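One structure is given below, encoded as structure tokens.
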Amino acid sequence: MAVSSMAQNKTEKVSSLRRLLARREVITFALLIVAFFISSRLSPYFLDIHYIFDATSLYTEIGVMALAMTFVIISGNIDLSIASMLAVTAVSFGLLYTRLGIPIPLAILLALIMGAVLGMINGLIVTRFKLPPMIVTVGTLALYRGLGQIFLGDHAVTGFPESFYGLDMRYVGNSPVPIPLVIFLVLAVIFGLVLHKTSFGRMVYAVGTNQEAARFSGIAVDRVKIVCFMLSGLMAALGAIMMSSRLASARYDMANGWELDVITAVVLGGTDIDGGQGSILGTVLALFLIGVLRSGMGLANIKIEYQLVVIGSLLIMSIIIPNIVRRLRQM
Amino acid sequence: MTSQAQTMNTSRPSNVATILAKFRETGILIFLAVLVIIATLVERRFFSLHNFENILLDISILAIVAAGETMVIISRNIDISVGSSLGLCAIVVGLMFKFNPGVPIIVGLFLGVLLGAVLGSVNGTLVTQFRVPPLIATLGTLSIYRGLVFLSSGGRQVDPNDIPPDLIAMARVGPLGIPWIVIVALLISVLVGLFLRYTHLGRDIYAVGGNPVAARLRGIGVNRVVFLTYLFAGALAGLAGVLYAGRYGTVNPADAGVGFELTVIAATVIGGTNILGGSGTILGTVLGSLLLGVLGNVLAITNVSGFYQKFAQGLVILLAVIIDAIIHNQLQSRR
């Protein structure tokens with residue numbers, strides 16, 4: 001399996017235009033350019049660099065989770081509980097600070113550990129009992145958010161110190177680059193390097209391409225899967241902290257339904273939902289695409305409702321177009 | 001022996017699956033009985049005709065949508081757009097009643113089923129003709145249909161006085177004091193159950209889910225079967241949408257059917273339908289819906305605080321599939 005993916009890499013280097021067209025990231029990139037062009041036509045404000053950065057910054061919470069979800073999906077799994085992990089870690093983080101008086105840096109650390117543990121539980125159930133990840137994480141989707149609800153009920157945690165909240169309003173020096181965007185991009189580079197340049201990354205592809213073959217070639221398949229799920233929990237916890245800072249509060253129902261947005265970003269970026277294929281670059285491009293589209297449409301006063309239709313159609317088209325290109329190539 | 005199991009798989013659920021299904025159904029019944037006894041001991045109000053009627057009303061809409069989802073999952077696919085389909089059919093039919101007062105409710109029911117079938121066939125076409133993976137296709141339409149819910153209604157809800165009193169009465173009255181919605185749900189469950197068990201097409205659904213390649217070799221039109229399961233699932237979600245309008249008396253675009261797909265999948269899986277396709281029963285799905293309904297009701301009525309409801313739901317889903325996996329592995333190793 002590793003051999004075939006290596007061979008694939010080599011042929012890609014000498015790729016013809018047609019091959020390039022069949023690559024999913026290229027389509028995502030093309031869509032991004034088109035979206036950018038149309039948005040700038042629809043509203044003169046769009047090309048303001050501050051606006052673009054601020055708008056994309058809103059999607060970085062989804063973005064950091066999408067990075068981890070890329071690993072999960074390439075490994076042939078899926079994690080529907082990711083937004084619930086965000087909610088329960090945000091609630092716990094808030095309670096650690098406000099009720100127990102634990103200082104913010106320590107509370108952040110504990111929240112990150114908690115996220116990783118929740119992810120590990122997903123991974124353990126999936127690997128121990130050989131259960132489909134989709135159904136396990138539908139279960140923990142309810143379980144984790146339910147836990148957040150038990151912890152906090154229908155209240156909100158507030159009263160974070162001024163030094164903590166408003167992360168989205170802070171910029172790098174005098175530049176127009178918001179901190180959350182920097183966090184996302186730095187993580188994207190790290191995740192990209194791990195996925196594409198390390199042996200662990202290659203194992204993730206191998207497990208997602210053919211689990212049995214990976215096992216026979218000596219890869220600890222279960223451990224790879226568990227680590228992917230832990231990354232997912234860890235990034236959910238990071239998303240929780242970024243979101244609590246942005247909203248200056250935490251509730252059990254925050255990020256409700258975001259698991260679907262995260263998966264949309266990953267799949268729009270060209271990662272194969274059946275595993276074995278995908279890239280971090282694709283996910284990053286897709287996130288910018290969603291950011292540009294949503295903010296562009298927002299500026300042009302296009303209602304959220306149309307945006308739902310557009311994003312849903314894009315998701316489906318991003319699968320159909322390469323399918324058609326491939327079919328044409330075979331003819 | 002494996003080959004024997006596989007050939008059996010193509011025509012009907014294998015032995016392991018049959019044993020599991022039996023065990024699952026008795027398991028849920030025992031769990032339900034324990035739940036009912038405890039609830040009655042803690043809170044007398046639980047054991048009353050009025051409360052049972054409430055539970056049945058709560059689960060009727062769930063059971064109808066879950067019957068469709070069961071067919072889709074048995075065929076080794078998934079439909080996560082059912083919540084949005086339900087919402088779209090509810091709002092469109094609600095608007096139809098609003099602008100055409102006096103239209104008999106049967107027209108509304110018919111329109112709902114028809115629109116649902118169209119939405120389902122879009123899913124089916126994407127999956128079978130355009131080869132979009134089922135999860136992605138229906139994730140896309142989940143978003144598109146939800147967008148259409150807002151667009152068709154302009155974001156405004158359909159008020160109780162726009163919904164015909166006859167439709168609202170379906171959730172209140174009926175023969176022998178059983179509300180019509182419950183009767184419809186029961187009828188649908190029986191029909192779908194018989195369909196899956198005794199018709200060619202029904203058994204083909206199991207064959208396709210058990211082993212698509214073998215099914216194709218046996219001359220089954222796999223695409224046609226998969227397309228039809230999506231169509232049925234859409235039609236049932238449409239029917240449920242109209243009944244939803246009657247049951248709740250209003251249709252709010254921001255919450256009609258939002259997130260419902262997960263409850264539907266939960267009921268189906270708790271009922272023993274294998275998420276990997278090939279096995280499952282409607283009886284199981286009905287019991288799964290009942291379990292979720294009783295659980296929610298017990299937590300609410302015993303004042304355990306509604307805050308435990310989601311957690312308990314998640315726990316039941318996980319327990320159901322984990323117990324399943326343990327028994328499955330034991331049965332496999334014994335043979």
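Chain labels run A, B, ... following the order of the structure tokens; each chain numbers its residues from 1, and ligands are numbered from 1 in the order shown.
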Show me, as a tab-separated table, the residues of chain B having an atom within 8 Å of chain A, each with the closest atom pair and its distance in Å, using only C-alpha atoms.
residue	atom	partner	partner_atom	distance
B:Phe130	CA	A:Ile320	CA	6.2
B:Arg131	CA	A:Ile320	CA	7.6
B:Val132	CA	A:Ile319	CA	6.3
B:Pro133	CA	A:Ile273	CA	7.4
B:Ile136	CA	A:Ile316	CA	7.1
B:Ala137	CA	A:Ile316	CA	6.1
B:Leu139	CA	A:Leu260	CA	7.3
B:Gly140	CA	A:Gly312	CA	4.1
B:Thr141	CA	A:Gly312	CA	6.2
B:Leu142	CA	A:Gly312	CA	7.6
B:Ser143	CA	A:Gly312	CA	5.1
B:Ile144	CA	A:Val309	CA	4.2
B:Tyr145	CA	A:Val309	CA	7.4
B:Arg146	CA	A:Leu308	CA	7.3
B:Gly147	CA	A:Glu305	CA	4.5
B:Leu148	CA	A:Glu305	CA	7.2
B:Phe150	CA	A:Glu305	CA	5.9
B:Leu151	CA	A:Glu305	CA	6.3
B:Gly259	CA	A:Gly257	CA	7.5
B:Leu262	CA	A:Val138	CA	7.0
B:Ala266	CA	A:Val138	CA	7.6
B:Val269	CA	A:Ile135	CA	8.0
B:Ile275	CA	A:Ile135	CA	7.3
B:Leu276	CA	A:Pro132	CA	7.7
B:Phe307	CA	A:Ile150	CA	5.4
B:Tyr308	CA	A:Ile150	CA	6.0
B:Gln309	CA	A:Gly146	CA	7.1
B:Lys310	CA	A:Gly146	CA	4.6
B:Phe311	CA	A:Gly146	CA	4.0
B:Ala312	CA	A:Leu143	CA	7.1
B:Gln313	CA	A:Ala142	CA	6.5
B:Gly314	CA	A:Leu143	CA	4.3
B:Leu315	CA	A:Leu143	CA	6.2
B:Val316	CA	A:Gly139	CA	8.0
B:Ile317	CA	A:Gly139	CA	5.3
B:Leu318	CA	A:Gly139	CA	5.4
B:Val321	CA	A:Leu131	CA	7.6
B:Ile322	CA	A:Phe129	CA	6.6
B:Ala325	CA	A:Phe129	CA	6.0
B:Ile326	CA	A:Phe129	CA	7.1
Need the shell around range 26-41 of chain A: protein/DNA/RNA residues with any atom at most 12 Å away, counting only C-alpha atoms. Skip same-chain ones fewer than 5 positions apart. Format as a ChimeraX atom specification?
/A:17-21,46-49,51-52,265-271,279,281-302,310-311,314-315,317-323,325
Just the selected residues (C-alpha atoms), exported as an mmCIF file, in the first residue's frame, please.
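selection34.cif, written as the output of this step:
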data_model
loop_
_atom_site.group_PDB
_atom_site.id
_atom_site.type_symbol
_atom_site.label_atom_id
_atom_site.label_comp_id
_atom_site.auth_asym_id
_atom_site.auth_seq_id
_atom_site.Cartn_x
_atom_site.Cartn_y
_atom_site.Cartn_z
ATOM 1 C CA LEU A 17 -2.937 18.848 -16.904
ATOM 2 C CA ARG A 18 -5.645 16.235 -16.904
ATOM 3 C CA ARG A 19 -4.170 14.504 -13.879
ATOM 4 C CA LEU A 20 -3.909 17.859 -12.206
ATOM 5 C CA LEU A 21 -7.579 18.454 -12.874
ATOM 6 C CA PHE A 46 -14.495 42.541 0.337
ATOM 7 C CA LEU A 47 -10.987 43.287 -0.879
ATOM 8 C CA ASP A 48 -10.149 45.062 2.364
ATOM 9 C CA ILE A 49 -7.414 42.865 3.813
ATOM 10 C CA TYR A 51 -12.016 42.231 6.455
ATOM 11 C CA ILE A 52 -10.757 39.059 4.796
ATOM 12 C CA ALA A 265 -14.432 21.390 5.266
ATOM 13 C CA VAL A 266 -12.379 18.188 5.190
ATOM 14 C CA VAL A 267 -14.301 16.569 2.351
ATOM 15 C CA LEU A 268 -14.480 19.803 0.357
ATOM 16 C CA GLY A 269 -10.687 19.830 0.616
ATOM 17 C CA GLY A 270 -10.501 16.564 -1.255
ATOM 18 C CA THR A 271 -10.070 14.005 1.511
ATOM 19 C CA SER A 279 -4.122 16.326 2.366
ATOM 20 C CA LEU A 281 -3.379 21.629 2.109
ATOM 21 C CA GLY A 282 -6.801 20.652 0.776
ATOM 22 C CA THR A 283 -8.406 21.151 4.182
ATOM 23 C CA VAL A 284 -6.770 24.567 4.600
ATOM 24 C CA LEU A 285 -7.912 25.669 1.127
ATOM 25 C CA ALA A 286 -11.422 24.409 1.823
ATOM 26 C CA LEU A 287 -11.564 26.337 5.060
ATOM 27 C CA PHE A 288 -10.598 29.538 3.264
ATOM 28 C CA LEU A 289 -13.165 28.713 0.588
ATOM 29 C CA ILE A 290 -15.894 28.422 3.199
ATOM 30 C CA GLY A 291 -14.672 31.602 4.906
ATOM 31 C CA VAL A 292 -14.567 33.604 1.669
ATOM 32 C CA LEU A 293 -17.921 32.288 0.498
ATOM 33 C CA ARG A 294 -19.725 32.895 3.759
ATOM 34 C CA SER A 295 -18.282 36.335 4.335
ATOM 35 C CA GLY A 296 -18.588 37.298 0.674
ATOM 36 C CA MET A 297 -22.215 36.272 0.623
ATOM 37 C CA GLY A 298 -22.727 37.961 3.980
ATOM 38 C CA LEU A 299 -21.334 41.243 2.666
ATOM 39 C CA ALA A 300 -23.517 40.999 -0.412
ATOM 40 C CA ASN A 301 -26.511 40.565 1.898
ATOM 41 C CA ILE A 302 -27.129 37.049 0.734
ATOM 42 C CA VAL A 310 -24.490 26.911 -1.713
ATOM 43 C CA ILE A 311 -22.206 25.093 0.737
ATOM 44 C CA LEU A 314 -20.453 22.714 -3.349
ATOM 45 C CA LEU A 315 -19.840 19.698 -1.161
ATOM 46 C CA MET A 317 -20.201 19.069 -6.669
ATOM 47 C CA SER A 318 -16.693 18.669 -5.266
ATOM 48 C CA ILE A 319 -17.259 14.896 -5.401
ATOM 49 C CA ILE A 320 -19.157 14.779 -8.680
ATOM 50 C CA ILE A 321 -16.720 16.890 -10.747
ATOM 51 C CA PRO A 322 -13.637 14.681 -10.203
ATOM 52 C CA ASN A 323 -15.839 11.620 -10.815
ATOM 53 C CA VAL A 325 -13.294 14.061 -15.037
#
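Once Gly94 in chain A and its same-chain neighbours fewer than 5 positions away are set aside, Val88, Thr89, Arg99, Leu100, Gly101, Ile102, Ile104, Ala107, Ile108, Ala111, Leu152, Ala156, Val157, Thr158, Gly159, Phe160, Ala240, Ile241, Ser244, Ala248, Ser249, Ala250 and Arg251 of chain A remain within 10 Å of it when counting only C-alpha atoms.
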May I ask which of the residues B:Lys22, B:Thr273, B:Phe46, B:Leu135 is the closest one to Ser81 in chain B, counting only C-alpha atoms?
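Among the listed residues, the smallest separation from Ser81 in chain B belongs to B:Leu135.
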Skip Leu291 in chain B itself and residues of its chain fewer than 2 positions away, then list as a count of residues only all residues within 12 Å of it, counting only C-alpha atoms.
41
Wanna dump the range 201-291 of chain B-range 171-174 of chain B contacts at 9 Å for me, each residue with its shortest atom pair and the distance in Å to one decimal, counting only C-alpha atoms, ordered by chain and number, as a Markdown table?
| residue | atom | partner | partner_atom | distance |
| --- | --- | --- | --- | --- |
| B:Leu243 | CA | B:Ala171 | CA | 8.1 |
| B:Gly246 | CA | B:Ala171 | CA | 6.5 |
| B:Arg247 | CA | B:Ala171 | CA | 5.2 |
| B:Tyr248 | CA | B:Ala171 | CA | 8.6 |
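Here CA of Gly119 in chain A stands at a distance of 4.8 Å from CA of Phe229 in chain A.
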Can you list, as a list in words, every protein, DNA or RNA residue that comes within 12 Å of Leu181 in chain A when you count only C-alpha atoms, leaving out same-chain residues fewer than 6 positions away?
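My list of contacting residues is Ile52, Phe53, Asp54, Ala55, Thr56, Ser57, Leu58, Tyr59, Thr60, Glu61, Ile62, Gly63, Val64, Leu167, Asp168, Met169, Arg170, Tyr171, Val172, Leu187, Ala188, Met242, Val284, Leu287, Phe288 and Gly291 of chain A.
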Could you write out that same residue set with C-alpha atoms as a compact mmCIF listing (two decimals), in the first residue's frame?
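Saved as selection_31.txt:
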# COMPACT_ATOMS: atom_id res chain seq x y z
CA ILE A 52 -10.76 39.06 4.80
CA PHE A 53 -8.57 38.17 7.77
CA ASP A 54 -11.26 38.92 10.30
CA ALA A 55 -13.81 36.92 8.37
CA THR A 56 -11.58 33.86 8.05
CA SER A 57 -10.63 34.15 11.68
CA LEU A 58 -14.23 33.26 12.54
CA TYR A 59 -13.73 29.85 10.97
CA THR A 60 -10.46 28.97 12.68
CA GLU A 61 -12.24 27.08 15.47
CA ILE A 62 -13.76 24.85 12.81
CA GLY A 63 -10.34 24.94 11.13
CA VAL A 64 -8.26 23.50 13.96
CA LEU A 167 -8.68 36.39 21.45
CA ASP A 168 -10.32 37.12 18.10
CA MET A 169 -9.85 40.87 18.64
CA ARG A 170 -6.10 40.60 19.12
CA TYR A 171 -3.62 40.94 16.33
CA VAL A 172 0.03 40.14 15.75
CA LEU A 187 -1.00 24.15 13.45
CA ALA A 188 -1.72 23.54 9.77
CA MET A 242 -10.58 29.69 21.39
CA VAL A 284 -6.77 24.57 4.60
CA LEU A 287 -11.56 26.34 5.06
CA PHE A 288 -10.60 29.54 3.26
CA GLY A 291 -14.67 31.60 4.91
Measuring between only C-alpha atoms, which one of B:Leu176, B:Val258, B:Leu187, B:Val225 shows the shortest distance to His200 in chain B?
B:Val225
Calculate how many Å separate CA of Gly209 in chain B from CA of Ile74 in chain B, rounding to one decimal.
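Calculated distance between CA of Gly209 in chain B and CA of Ile74 in chain B is 5.5 Å.
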Run DSSP on the backbone of this structure and report the residues of range 42-283 of chain A it assigns to alpha helix (DSSP H), as a PyMOL selection string.
chain A and resi 42+49-57+60-74+82-98+104-128+133-152+179-197+199-209+211-216+221-247+258-268+280-283
